[in-house]
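Student: Contents of structure.txt (compact mmCIF, C-alpha atoms):
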```
# COMPACT_ATOMS: atom_id res chain seq x y z
CA MET A 3 26.54 12.69 18.34
CA LYS A 4 26.17 9.32 16.63
CA THR A 5 24.60 7.78 19.74
CA LYS A 6 22.19 10.66 19.93
CA ARG A 7 21.10 9.99 16.37
CA ILE A 8 20.59 6.30 17.01
CA ALA A 9 18.56 7.04 20.11
CA PHE A 10 16.40 9.50 18.21
CA LEU A 11 15.91 7.07 15.33
CA GLY A 12 14.66 4.46 17.82
CA LEU A 13 12.33 7.02 19.29
CA PHE A 14 11.05 7.95 15.83
CA VAL A 15 10.42 4.30 14.92
CA ALA A 16 8.33 3.90 18.07
CA LEU A 17 6.48 7.12 17.29
CA ALA A 18 5.77 6.07 13.69
CA PHE A 19 4.48 2.74 14.98
CA VAL A 20 2.09 4.41 17.41
CA LEU A 21 0.89 6.92 14.82
CA SER A 22 0.23 4.09 12.36
CA TYR A 23 -1.90 2.45 15.02
CA ILE A 24 -3.82 5.69 15.58
CA GLU A 25 -4.30 5.96 11.84
CA PHE A 26 -5.57 2.38 11.80
CA MET A 27 -8.24 3.33 14.35
CA LEU A 28 -9.18 6.53 12.52
CA PRO A 29 -9.88 5.50 8.94
CA LEU A 30 -10.70 8.32 6.56
CA ASN A 31 -14.15 7.04 5.67
CA ILE A 32 -14.97 8.85 2.47
CA GLY A 33 -15.78 5.80 0.40
CA ILE A 34 -12.44 5.60 -1.34
CA PRO A 35 -10.38 2.49 -0.67
CA GLY A 36 -6.85 3.30 0.40
CA ALA A 37 -7.49 6.91 1.37
CA LYS A 38 -5.48 7.71 4.47
CA ILE A 39 -4.51 10.75 6.48
CA GLY A 40 -0.88 9.63 6.49
CA ILE A 41 -0.04 10.76 10.01
CA ALA A 42 2.87 8.32 10.08
CA ASN A 43 4.41 10.25 7.22
CA LEU A 44 4.90 13.05 9.73
CA VAL A 45 7.64 11.02 11.40
CA VAL A 46 9.19 10.00 8.08
CA MET A 47 9.34 13.66 7.04
CA VAL A 48 10.87 14.82 10.32
CA THR A 49 13.43 11.99 10.20
CA LEU A 50 14.29 12.82 6.60
CA TYR A 51 15.03 16.42 7.53
CA THR A 52 16.80 15.80 10.84
CA VAL A 53 18.43 12.39 11.26
CA GLY A 54 19.05 11.87 7.56
CA GLU A 55 18.08 10.09 4.36
CA LYS A 56 19.35 6.58 5.02
CA ASN A 57 17.70 6.55 8.41
CA ALA A 58 14.41 7.71 6.91
CA ILE A 59 14.51 4.76 4.50
CA ALA A 60 15.26 2.36 7.36
CA LEU A 61 12.48 3.85 9.46
CA SER A 62 9.99 3.52 6.62
CA ILE A 63 10.71 -0.15 6.04
CA ILE A 64 10.73 -1.03 9.75
CA ARG A 65 7.46 0.79 10.27
CA VAL A 66 5.64 -0.96 7.41
CA VAL A 67 6.86 -4.41 8.48
CA LEU A 68 6.04 -3.81 12.16
CA VAL A 69 2.58 -2.44 11.44
CA GLY A 70 1.84 -5.15 8.87
CA LEU A 71 2.80 -7.91 11.27
CA THR A 72 0.96 -6.40 14.21
CA PHE A 73 -2.30 -5.03 12.86
CA GLY A 74 -2.63 -6.25 9.31
CA ASN A 75 -1.88 -9.15 7.05
CA ILE A 76 0.53 -9.89 4.24
CA SER A 77 -1.62 -8.32 1.53
CA MET A 78 -2.03 -5.14 3.55
CA MET A 79 1.74 -5.06 4.05
CA MET A 80 2.20 -5.29 0.29
CA TYR A 81 -0.04 -2.28 -0.34
CA SER A 82 1.70 -0.22 2.32
CA LEU A 83 5.18 -1.26 1.20
CA ALA A 84 4.51 -0.25 -2.41
CA GLY A 85 2.97 3.01 -1.25
CA ALA A 86 5.74 3.76 1.23
CA ALA A 87 8.53 2.92 -1.22
CA LEU A 88 7.16 5.05 -4.06
CA SER A 89 6.32 7.92 -1.72
CA LEU A 90 9.75 7.87 -0.08
CA PHE A 91 11.47 7.75 -3.46
CA ALA A 92 9.49 10.78 -4.63
CA MET A 93 10.29 12.66 -1.44
CA LEU A 94 14.02 11.87 -1.57
CA LEU A 95 14.16 12.99 -5.18
CA ALA A 96 12.20 16.18 -4.53
CA ARG A 97 14.43 17.00 -1.58
CA LYS A 98 17.59 16.41 -3.64
CA ILE A 99 16.40 18.74 -6.38
CA GLY A 100 15.78 21.28 -3.66
CA LYS A 101 13.20 23.46 -5.36
CA LEU A 102 10.44 22.63 -2.89
CA SER A 103 9.98 23.29 0.81
CA MET A 104 8.82 20.56 3.18
CA THR A 105 5.20 21.18 2.22
CA GLY A 106 5.80 20.46 -1.46
CA VAL A 107 7.90 17.39 -0.64
CA SER A 108 5.17 16.09 1.65
CA VAL A 109 2.50 16.67 -1.01
CA LEU A 110 4.50 14.57 -3.47
CA GLY A 111 4.89 11.93 -0.76
CA GLY A 112 1.15 11.84 -0.14
CA VAL A 113 0.26 11.66 -3.82
CA PHE A 114 2.77 8.93 -4.66
CA HIS A 115 1.79 6.89 -1.62
CA ASN A 116 -1.70 6.61 -3.06
CA VAL A 117 -0.44 5.98 -6.60
CA GLY A 118 1.73 3.11 -5.35
CA GLN A 119 -1.13 1.53 -3.45
CA ILE A 120 -3.47 1.71 -6.43
CA ILE A 121 -0.89 0.11 -8.71
CA VAL A 122 -0.47 -2.85 -6.34
CA ALA A 123 -4.24 -3.14 -5.86
CA MET A 124 -4.70 -3.19 -9.64
CA LEU A 125 -2.14 -5.99 -9.94
CA VAL A 126 -3.64 -7.99 -7.07
CA LEU A 127 -7.26 -7.65 -8.18
CA GLU A 128 -6.33 -7.89 -11.88
CA THR A 129 -8.62 -5.03 -12.75
CA LYS A 130 -7.91 -1.69 -14.34
CA SER A 131 -11.19 -0.24 -13.12
CA LEU A 132 -9.41 0.96 -9.99
CA LEU A 133 -7.85 3.71 -12.11
CA TYR A 134 -11.20 5.38 -11.60
CA TYR A 135 -10.18 6.13 -8.01
CA LEU A 136 -6.84 7.67 -8.90
CA PRO A 137 -7.95 11.31 -9.36
CA PHE A 138 -9.83 11.24 -6.05
CA LEU A 139 -6.86 9.69 -4.27
CA ILE A 140 -4.50 12.28 -5.76
CA ILE A 141 -6.70 15.09 -4.44
CA VAL A 142 -6.90 13.48 -0.99
CA GLY A 143 -3.13 12.93 -1.02
CA THR A 144 -2.51 16.56 -1.93
CA ILE A 145 -4.68 17.92 0.86
CA THR A 146 -3.31 15.61 3.56
CA GLY A 147 0.19 16.24 2.19
CA ILE A 148 -0.17 19.99 2.70
CA VAL A 149 -1.30 19.54 6.31
CA ILE A 150 1.39 16.97 7.12
CA GLY A 151 4.03 19.12 5.43
CA ILE A 152 3.21 22.25 7.42
CA VAL A 153 3.06 20.36 10.71
CA SER A 154 6.29 18.48 10.07
CA SER A 155 8.20 21.64 9.19
CA LEU A 156 7.06 23.14 12.50
CA ILE A 157 8.26 20.01 14.31
CA THR A 158 11.56 19.86 12.39
CA VAL A 159 12.53 23.38 13.44
CA ARG A 160 12.04 22.45 17.10
CA VAL A 161 13.72 19.04 16.88
CA LYS A 162 16.76 20.64 15.24
CA LYS A 163 16.98 23.17 18.06
CA VAL A 164 17.03 20.39 20.65
CA LEU A 165 19.48 18.19 18.78
CA ASN A 166 21.87 20.70 17.22
CA PHE A 167 22.23 18.44 14.21
CA MET B 16 5.58 27.23 2.06
CA LYS B 17 7.49 28.51 -0.92
CA LYS B 18 6.13 29.75 -4.21
CA ASN B 19 7.22 26.51 -5.89
CA ASP B 20 5.06 24.53 -3.48
CA ILE B 21 1.99 26.52 -4.39
CA VAL B 22 2.75 26.09 -8.10
CA LEU B 23 3.13 22.34 -7.60
CA ILE B 24 -0.13 22.05 -5.66
CA ALA B 25 -1.97 24.18 -8.23
CA ILE B 26 -0.68 22.04 -11.12
CA ILE B 27 -1.63 18.77 -9.39
CA LEU B 28 -5.12 19.99 -8.56
CA ALA B 29 -5.70 21.52 -12.01
CA VAL B 30 -4.59 18.37 -13.86
CA THR B 31 -6.73 16.11 -11.69
CA ALA B 32 -9.73 18.43 -12.01
CA VAL B 33 -9.46 18.29 -15.81
CA CYS B 34 -9.12 14.48 -15.69
CA LEU B 35 -12.16 14.19 -13.42
CA LEU B 36 -14.23 16.41 -15.65
CA GLY B 37 -13.21 14.50 -18.77
CA MET B 38 -13.94 11.22 -17.03
CA ARG B 39 -17.42 12.39 -15.99
CA ILE B 40 -18.31 13.54 -19.52
CA TRP B 41 -17.03 10.27 -20.98
CA GLN B 42 -18.99 8.27 -18.41
CA LYS B 43 -22.25 10.10 -19.10
CA ASN B 44 -21.88 9.61 -22.84
CA ASN B 45 -21.00 5.95 -22.51
CA THR B 46 -23.83 4.84 -20.28
CA ASN B 47 -27.15 3.80 -21.69
CA GLY B 48 -30.20 1.82 -20.62
CA ASN B 49 -28.39 -1.48 -21.02
CA ALA B 50 -25.80 -0.76 -18.34
CA VAL B 51 -24.87 -3.73 -16.18
CA ALA B 52 -23.08 -4.11 -12.87
CA VAL B 53 -20.25 -6.59 -13.34
CA VAL B 54 -19.04 -8.35 -10.21
CA THR B 55 -15.55 -9.81 -10.26
CA ILE B 56 -13.91 -11.74 -7.46
CA ASP B 57 -10.14 -11.98 -7.43
CA GLY B 58 -10.09 -11.08 -11.12
CA ASP B 59 -12.68 -13.62 -12.27
CA VAL B 60 -16.13 -12.53 -13.41
CA TYR B 61 -18.76 -13.70 -10.94
CA GLY B 62 -21.87 -12.26 -12.54
CA GLU B 63 -23.51 -9.43 -14.45
CA TYR B 64 -26.66 -7.74 -13.26
CA PRO B 65 -28.65 -5.20 -15.32
CA LEU B 66 -29.17 -1.89 -13.57
CA SER B 67 -32.67 -1.61 -15.02
CA GLU B 68 -34.13 -4.20 -12.66
CA ASP B 69 -34.15 -4.09 -8.87
CA TYR B 70 -32.23 -7.05 -7.57
CA THR B 71 -30.39 -8.28 -4.50
CA GLU B 72 -27.61 -10.84 -4.53
CA ARG B 73 -25.81 -12.18 -1.49
CA ILE B 74 -22.30 -13.17 -2.53
CA GLU B 75 -20.79 -15.65 -0.10
CA PHE B 76 -17.16 -16.68 0.14
CA PRO B 77 -15.83 -20.05 1.26
CA ASP B 78 -14.36 -18.51 4.42
CA GLY B 79 -17.77 -17.24 5.55
CA SER B 80 -17.35 -13.61 4.55
CA TYR B 81 -19.96 -12.03 2.32
CA ASN B 82 -21.02 -8.96 0.35
CA VAL B 83 -24.61 -8.07 -0.49
CA LEU B 84 -25.07 -6.37 -3.85
CA THR B 85 -28.27 -4.36 -4.17
CA ILE B 86 -29.57 -2.84 -7.40
CA LYS B 87 -32.32 -0.30 -6.95
CA ASP B 88 -33.67 2.59 -9.03
CA GLY B 89 -30.90 2.10 -11.60
CA PHE B 90 -28.08 2.31 -9.06
CA ALA B 91 -25.85 -0.46 -7.76
CA LYS B 92 -24.44 -0.52 -4.25
CA VAL B 93 -22.98 -2.87 -1.69
CA SER B 94 -25.55 -2.74 1.09
CA GLU B 95 -23.92 -5.15 3.52
CA ALA B 96 -20.51 -6.72 3.92
CA SER B 97 -18.53 -8.72 6.41
CA CYS B 98 -15.27 -6.85 5.85
CA PRO B 99 -13.80 -4.91 8.78
CA ASP B 100 -13.33 -1.55 7.06
CA GLN B 101 -16.84 -1.29 5.49
CA ILE B 102 -15.46 1.00 2.79
CA CYS B 103 -17.56 -0.76 0.15
CA VAL B 104 -20.74 -0.24 2.21
CA HIS B 105 -20.09 3.49 2.72
CA HIS B 106 -19.31 3.97 -0.95
CA ASN B 107 -21.75 6.09 -2.91
CA ARG B 108 -24.10 4.10 -5.13
CA ILE B 109 -22.95 3.87 -8.72
CA LYS B 110 -24.65 4.02 -12.11
CA TYR B 111 -22.24 5.41 -14.72
CA SER B 112 -19.90 3.39 -16.89
CA GLU B 113 -16.60 2.42 -15.20
CA GLU B 114 -17.72 3.58 -11.78
CA THR B 115 -16.40 1.04 -9.32
CA ILE B 116 -16.92 -0.20 -5.79
CA VAL B 117 -14.10 -2.24 -4.33
CA CYS B 118 -13.95 -4.46 -1.30
CA LEU B 119 -10.24 -5.07 -0.90
CA PRO B 120 -10.51 -7.57 2.00
CA ASN B 121 -12.85 -9.81 -0.04
CA LYS B 122 -11.13 -9.02 -3.36
CA LEU B 123 -14.54 -8.12 -4.76
CA VAL B 124 -14.97 -5.47 -7.45
CA VAL B 125 -18.29 -4.13 -8.74
CA THR B 126 -17.95 -2.14 -11.95
CA VAL B 127 -20.67 -0.60 -14.09
CA GLN B 128 -20.31 -1.31 -17.75
CA GLY B 129 -22.14 1.12 -19.97
CA GLY B 130 -23.83 -1.49 -22.08
CA GLU B 131 -23.18 -1.62 -25.77
CA ASP B 132 -26.31 -2.71 -27.62
CA ASN B 133 -25.33 -6.34 -27.73
CA GLY B 134 -28.30 -7.60 -25.79
CA ILE B 135 -26.69 -8.41 -22.47
CA ASP B 136 -29.73 -9.25 -20.42
CA GLY B 137 -28.47 -10.29 -17.07
CA SER B 138 -27.05 -13.68 -17.81
CA THR B 139 -25.46 -14.97 -14.64
CA TYR B 140 -22.57 -17.32 -14.84
```
In structure tokens, what does this structure look like?

Tutor:
Amino acid sequence: MKTKRIAFLGLFVALAFVLSYIEFMLPLNIGIPGAKIGIANLVVMVTLYTVGEKNAIALSIIRVVLVGLTFGNISMMMYSLAGAALSLFAMLLARKIGKLSMTGVSVLGGVFHNVGQIIVAMLVLETKSLLYYLPFLIIVGTITGIVIGIVSSLITVRVKKVLNF
Amino acid sequence: MKKNDIVLIAIILAVTAVCLLGMRIWQKNNTNGNAVAVVTIDGDVYGEYPLSEDYTERIEFPDGSYNVLTIKDGFAKVSEASCPDQICVHHNRIKYSEETIVCLPNKLVVTVQGGEDNGIDGSTY
């Protein structure tokens, strides 16, 4: 069973990498810097609910570093890392408390991803005027979070069936 | 989806909606005829341009990248930029206090400042 998990984690890392690339090619162009669909979060969510927490953390870090090195630059990696870390932390916490289904957890993930990115951007650009974007980003994060949450719960049910975890 | 999810989503959306509304009202009340567009690059002020006069400024960076700031009809916008994502170019034009256009790749920020009556008249420094 352990080998199966490792194999699936590798598969999920590859999948997250590819989805990040797709996301990179499909920017959400609504005039808000940092707004993203968050398709890669789909994989993080599914991993979190199938392979396990520690593996989801590992996957998140590997994904951000891989994507940053391949398609972006160091500053982009910093934004994503802050976003990913805060979002993952919120999702782990929400899952532990156990009052929310995958949709609610994913919404929190989406919202906190954007909050994390804005905080880093504010530190980098040394301006607090970016706070102006926060409400818009929270709304975008909520909507994409709902979609990602519903899709990932559908996937999780099927993955669990295949894996018998 | 559980009931808790819907409650969570409703709370998030309601709180942000209230914040947005409050922000809008504050912005409208804090913007007057002396509003200026303040351009900062990497945290340092590059220049201030009054929104009352039409004006175009091409801001060039040492590495060859650029942003073009255009002020027209009381609105400021970035009309052209060298950055790959073009988020700043697609951004809606801005006129109210604290509205902001950011170009993350060039570390350029354009913010409208409402203009207290202290006679800022477009000094560029």

Student: Record the distance separating CA of Phe91 in chain A and CA of Val46 in chain A, expressed in Å with one decimal.

Tutor: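 Calculated distance between CA of Phe91 in chain A and CA of Val46 in chain A is 12.0 Å.
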
Student: Output the contact residues of chain B with respect to chain A at a cut-off of 9 Å, based on all atoms listed in the file, as number ranges by chain.

Tutor: B: 16-21, 23-24, 27-28, 31-32, 34-35, 38, 55-59, 100-107, 113-120, 122-124, 126

Student: Quick check, in Å to one decimal: how far apart do CA of Arg7 in chain A and CA of Glu55 in chain A lie?

Tutor: 12.4 Å

Student: Name the residues in contact with Ser22 in chain A at a cut-off of 9 Å, using only C-alpha atoms, excluding same-chain residues fewer than 2 positions from it; report them as a ChimeraX atom specification.

Tutor: /A:17-20,24-27,40-42,65-66,69

Student: In Å to one decimal, how far is CA of Gly37 in chain B from CA of Val125 in chain B?

Tutor: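 Computing the Euclidean distance for CA of Val125 in chain B and CA of Gly37 in chain B yields 21.8 Å.
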
Student: With all atoms listed in the file as the atoms that count, which of A:Met93, A:Ala84, A:Val164, A:Ile150 lies nearest to Gly118 in chain A?

Tutor: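 Smallest separation from Gly118 in chain A among the options: A:Ala84.
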
Student: Calculated over all atoms listed in the file, which of the candidates A:Val117, A:Val45, A:Val153, A:Ala58 has the smallest distance to Ser89 in chain A?

Tutor: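 Among the listed residues, A:Val117 lies closest to Ser89 in chain A.
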
Student: I'd like to know which of A:Arg97, A:Ala37, A:Thr146, A:Lys163 is closest to Gln119 in chain A, using only C-alpha atoms.

Tutor: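 Looking at the shortest contact to Gln119 in chain A, the residue is A:Ala37.
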
Student: Will you give me chain B, written with C-alpha atoms and laid out as a PDB file, in the first residue's frame?

Tutor:
```
ATOM      1  CA  MET B  16     -21.822  20.961  -0.131  1.00  0.00           C
ATOM      2  CA  LYS B  17     -22.911  21.136   3.468  1.00  0.00           C
ATOM      3  CA  LYS B  18     -24.915  23.840   5.174  1.00  0.00           C
ATOM      4  CA  ASN B  19     -21.756  25.107   6.885  1.00  0.00           C
ATOM      5  CA  ASP B  20     -20.148  25.685   3.500  1.00  0.00           C
ATOM      6  CA  ILE B  21     -23.010  27.851   2.356  1.00  0.00           C
ATOM      7  CA  VAL B  22     -22.892  29.813   5.624  1.00  0.00           C
ATOM      8  CA  LEU B  23     -19.147  30.337   5.189  1.00  0.00           C
ATOM      9  CA  ILE B  24     -19.515  31.488   1.582  1.00  0.00           C
ATOM     10  CA  ALA B  25     -22.393  33.809   2.492  1.00  0.00           C
ATOM     11  CA  ILE B  26     -20.392  35.376   5.342  1.00  0.00           C
ATOM     12  CA  ILE B  27     -17.316  35.917   3.154  1.00  0.00           C
ATOM     13  CA  LEU B  28     -19.327  37.495   0.357  1.00  0.00           C
ATOM     14  CA  ALA B  29     -21.403  39.660   2.720  1.00  0.00           C
ATOM     15  CA  VAL B  30     -18.348  40.992   4.584  1.00  0.00           C
ATOM     16  CA  THR B  31     -16.495  41.788   1.358  1.00  0.00           C
ATOM     17  CA  ALA B  32     -19.575  43.434  -0.151  1.00  0.00           C
ATOM     18  CA  VAL B  33     -19.884  45.708   2.882  1.00  0.00           C
ATOM     19  CA  CYS B  34     -16.153  46.530   2.704  1.00  0.00           C
ATOM     20  CA  LEU B  35     -16.403  47.308  -1.014  1.00  0.00           C
ATOM     21  CA  LEU B  36     -19.393  49.554  -0.490  1.00  0.00           C
ATOM     22  CA  GLY B  37     -17.713  51.389   2.380  1.00  0.00           C
ATOM     23  CA  MET B  38     -14.557  51.768   0.313  1.00  0.00           C
ATOM     24  CA  ARG B  39     -16.494  53.213  -2.631  1.00  0.00           C
ATOM     25  CA  ILE B  40     -18.305  55.769  -0.443  1.00  0.00           C
ATOM     26  CA  TRP B  41     -15.038  56.771   1.221  1.00  0.00           C
ATOM     27  CA  GLN B  42     -13.333  57.099  -2.163  1.00  0.00           C
ATOM     28  CA  LYS B  43     -16.071  59.308  -3.603  1.00  0.00           C
ATOM     29  CA  ASN B  44     -16.006  61.583  -0.579  1.00  0.00           C
ATOM     30  CA  ASN B  45     -12.233  61.845  -0.554  1.00  0.00           C
ATOM     31  CA  THR B  46     -11.662  62.743  -4.164  1.00  0.00           C
ATOM     32  CA  ASN B  47     -11.781  66.307  -5.343  1.00  0.00           C
ATOM     33  CA  GLY B  48     -10.590  68.364  -8.296  1.00  0.00           C
ATOM     34  CA  ASN B  49      -7.001  68.322  -7.084  1.00  0.00           C
ATOM     35  CA  ALA B  50      -6.612  64.558  -7.377  1.00  0.00           C
ATOM     36  CA  VAL B  51      -3.236  63.395  -8.645  1.00  0.00           C
ATOM     37  CA  ALA B  52      -1.936  60.121 -10.014  1.00  0.00           C
ATOM     38  CA  VAL B  53       1.141  59.151  -8.024  1.00  0.00           C
ATOM     39  CA  VAL B  54       3.577  56.817  -9.747  1.00  0.00           C
ATOM     40  CA  THR B  55       5.925  54.807  -7.559  1.00  0.00           C
ATOM     41  CA  ILE B  56       8.585  52.421  -8.771  1.00  0.00           C
ATOM     42  CA  ASP B  57       9.859  49.802  -6.358  1.00  0.00           C
ATOM     43  CA  GLY B  58       8.526  51.865  -3.462  1.00  0.00           C
ATOM     44  CA  ASP B  59      10.069  55.186  -4.489  1.00  0.00           C
ATOM     45  CA  VAL B  60       7.926  58.042  -5.779  1.00  0.00           C
ATOM     46  CA  TYR B  61       8.645  58.668  -9.453  1.00  0.00           C
ATOM     47  CA  GLY B  62       6.203  61.471 -10.144  1.00  0.00           C
ATOM     48  CA  GLU B  63       2.799  63.014  -9.530  1.00  0.00           C
ATOM     49  CA  TYR B  64       0.476  63.983 -12.337  1.00  0.00           C
ATOM     50  CA  PRO B  65      -2.767  65.962 -11.869  1.00  0.00           C
ATOM     51  CA  LEU B  66      -5.826  64.229 -13.258  1.00  0.00           C
ATOM     52  CA  SER B  67      -7.255  67.545 -14.410  1.00  0.00           C
ATOM     53  CA  GLU B  68      -4.873  67.838 -17.360  1.00  0.00           C
ATOM     54  CA  ASP B  69      -4.477  65.390 -20.221  1.00  0.00           C
ATOM     55  CA  TYR B  70      -0.946  64.072 -20.203  1.00  0.00           C
ATOM     56  CA  THR B  71       1.142  61.167 -21.426  1.00  0.00           C
ATOM     57  CA  GLU B  72       4.347  59.977 -19.809  1.00  0.00           C
ATOM     58  CA  ARG B  73       6.528  57.157 -21.039  1.00  0.00           C
ATOM     59  CA  ILE B  74       8.295  55.630 -18.060  1.00  0.00           C
ATOM     60  CA  GLU B  75      11.404  53.735 -19.117  1.00  0.00           C
ATOM     61  CA  PHE B  76      13.413  51.322 -17.023  1.00  0.00           C
ATOM     62  CA  PRO B  77      17.146  50.659 -17.282  1.00  0.00           C
ATOM     63  CA  ASP B  78      16.509  47.140 -18.596  1.00  0.00           C
ATOM     64  CA  GLY B  79      14.516  48.449 -21.558  1.00  0.00           C
ATOM     65  CA  SER B  80      11.035  47.721 -20.235  1.00  0.00           C
ATOM     66  CA  TYR B  81       8.512  50.534 -20.113  1.00  0.00           C
ATOM     67  CA  ASN B  82       5.036  51.636 -19.062  1.00  0.00           C
ATOM     68  CA  VAL B  83       3.079  54.447 -20.690  1.00  0.00           C
ATOM     69  CA  LEU B  84       0.879  56.420 -18.309  1.00  0.00           C
ATOM     70  CA  THR B  85      -1.958  58.300 -19.978  1.00  0.00           C
ATOM     71  CA  ILE B  86      -4.195  60.833 -18.262  1.00  0.00           C
ATOM     72  CA  LYS B  87      -7.310  61.741 -20.179  1.00  0.00           C
ATOM     73  CA  ASP B  88     -10.714  63.178 -19.243  1.00  0.00           C
ATOM     74  CA  GLY B  89      -9.838  63.006 -15.546  1.00  0.00           C
ATOM     75  CA  PHE B  90      -8.914  59.320 -15.621  1.00  0.00           C
ATOM     76  CA  ALA B  91      -5.485  57.722 -15.379  1.00  0.00           C
ATOM     77  CA  LYS B  92      -4.568  54.494 -17.123  1.00  0.00           C
ATOM     78  CA  VAL B  93      -1.582  52.514 -18.297  1.00  0.00           C
ATOM     79  CA  SER B  94      -2.039  52.518 -22.054  1.00  0.00           C
ATOM     80  CA  GLU B  95       1.030  50.521 -23.029  1.00  0.00           C
ATOM     81  CA  ALA B  96       3.519  48.323 -21.247  1.00  0.00           C
ATOM     82  CA  SER B  97       6.312  45.914 -22.008  1.00  0.00           C
ATOM     83  CA  CYS B  98       5.350  43.407 -19.317  1.00  0.00           C
ATOM     84  CA  PRO B  99       4.309  39.919 -20.416  1.00  0.00           C
ATOM     85  CA  ASP B 100       1.014  39.687 -18.535  1.00  0.00           C
ATOM     86  CA  GLN B 101      -0.422  43.101 -19.607  1.00  0.00           C
ATOM     87  CA  ILE B 102      -2.581  43.175 -16.484  1.00  0.00           C
ATOM     88  CA  CYS B 103      -1.846  46.881 -15.997  1.00  0.00           C
ATOM     89  CA  VAL B 104      -2.940  47.657 -19.575  1.00  0.00           C
ATOM     90  CA  HIS B 105      -6.236  45.766 -19.238  1.00  0.00           C
ATOM     91  CA  HIS B 106      -6.971  47.416 -15.912  1.00  0.00           C
ATOM     92  CA  ASN B 107      -9.930  49.771 -15.845  1.00  0.00           C
ATOM     93  CA  ARG B 108      -8.987  53.451 -15.862  1.00  0.00           C
ATOM     94  CA  ILE B 109      -8.934  55.004 -12.411  1.00  0.00           C
ATOM     95  CA  LYS B 110     -10.006  58.328 -10.945  1.00  0.00           C
ATOM     96  CA  TYR B 111     -11.012  57.884  -7.295  1.00  0.00           C
ATOM     97  CA  SER B 112      -8.739  58.217  -4.300  1.00  0.00           C
ATOM     98  CA  GLU B 113      -6.677  55.089  -3.507  1.00  0.00           C
ATOM     99  CA  GLU B 114      -7.627  53.347  -6.729  1.00  0.00           C
ATOM    100  CA  THR B 115      -4.513  51.587  -7.938  1.00  0.00           C
ATOM    101  CA  ILE B 116      -2.997  50.066 -11.043  1.00  0.00           C
ATOM    102  CA  VAL B 117      -0.078  47.734 -10.481  1.00  0.00           C
ATOM    103  CA  CYS B 118       2.479  46.348 -12.860  1.00  0.00           C
ATOM    104  CA  LEU B 119       4.144  43.639 -10.802  1.00  0.00           C
ATOM    105  CA  PRO B 120       6.838  42.721 -13.368  1.00  0.00           C
ATOM    106  CA  ASN B 121       8.048  46.342 -13.530  1.00  0.00           C
ATOM    107  CA  LYS B 122       7.319  47.022  -9.840  1.00  0.00           C
ATOM    108  CA  LEU B 123       5.329  50.066 -10.918  1.00  0.00           C
ATOM    109  CA  VAL B 124       2.331  51.306  -8.950  1.00  0.00           C
ATOM    110  CA  VAL B 125      -0.035  54.090 -10.021  1.00  0.00           C
ATOM    111  CA  THR B 126      -2.271  55.317  -7.213  1.00  0.00           C
ATOM    112  CA  VAL B 127      -4.773  58.153  -7.243  1.00  0.00           C
ATOM    113  CA  GLN B 128      -4.496  60.458  -4.294  1.00  0.00           C
ATOM    114  CA  GLY B 129      -7.609  62.451  -3.602  1.00  0.00           C
ATOM    115  CA  GLY B 130      -5.880  65.774  -3.318  1.00  0.00           C
ATOM    116  CA  GLU B 131      -6.075  67.718  -0.119  1.00  0.00           C
ATOM    117  CA  ASP B 132      -6.152  71.443  -0.842  1.00  0.00           C
ATOM    118  CA  ASN B 133      -2.434  71.893  -0.421  1.00  0.00           C
ATOM    119  CA  GLY B 134      -1.800  73.132  -3.917  1.00  0.00           C
ATOM    120  CA  ILE B 135      -0.138  70.103  -5.453  1.00  0.00           C
ATOM    121  CA  ASP B 136       0.098  71.189  -9.048  1.00  0.00           C
ATOM    122  CA  GLY B 137       1.892  68.464 -10.838  1.00  0.00           C
ATOM    123  CA  SER B 138       5.404  68.934  -9.632  1.00  0.00           C
ATOM    124  CA  THR B 139       7.507  66.159 -11.100  1.00  0.00           C
ATOM    125  CA  TYR B 140      10.510  64.937  -9.274  1.00  0.00           C
TER     126      TYR B 140
END
```
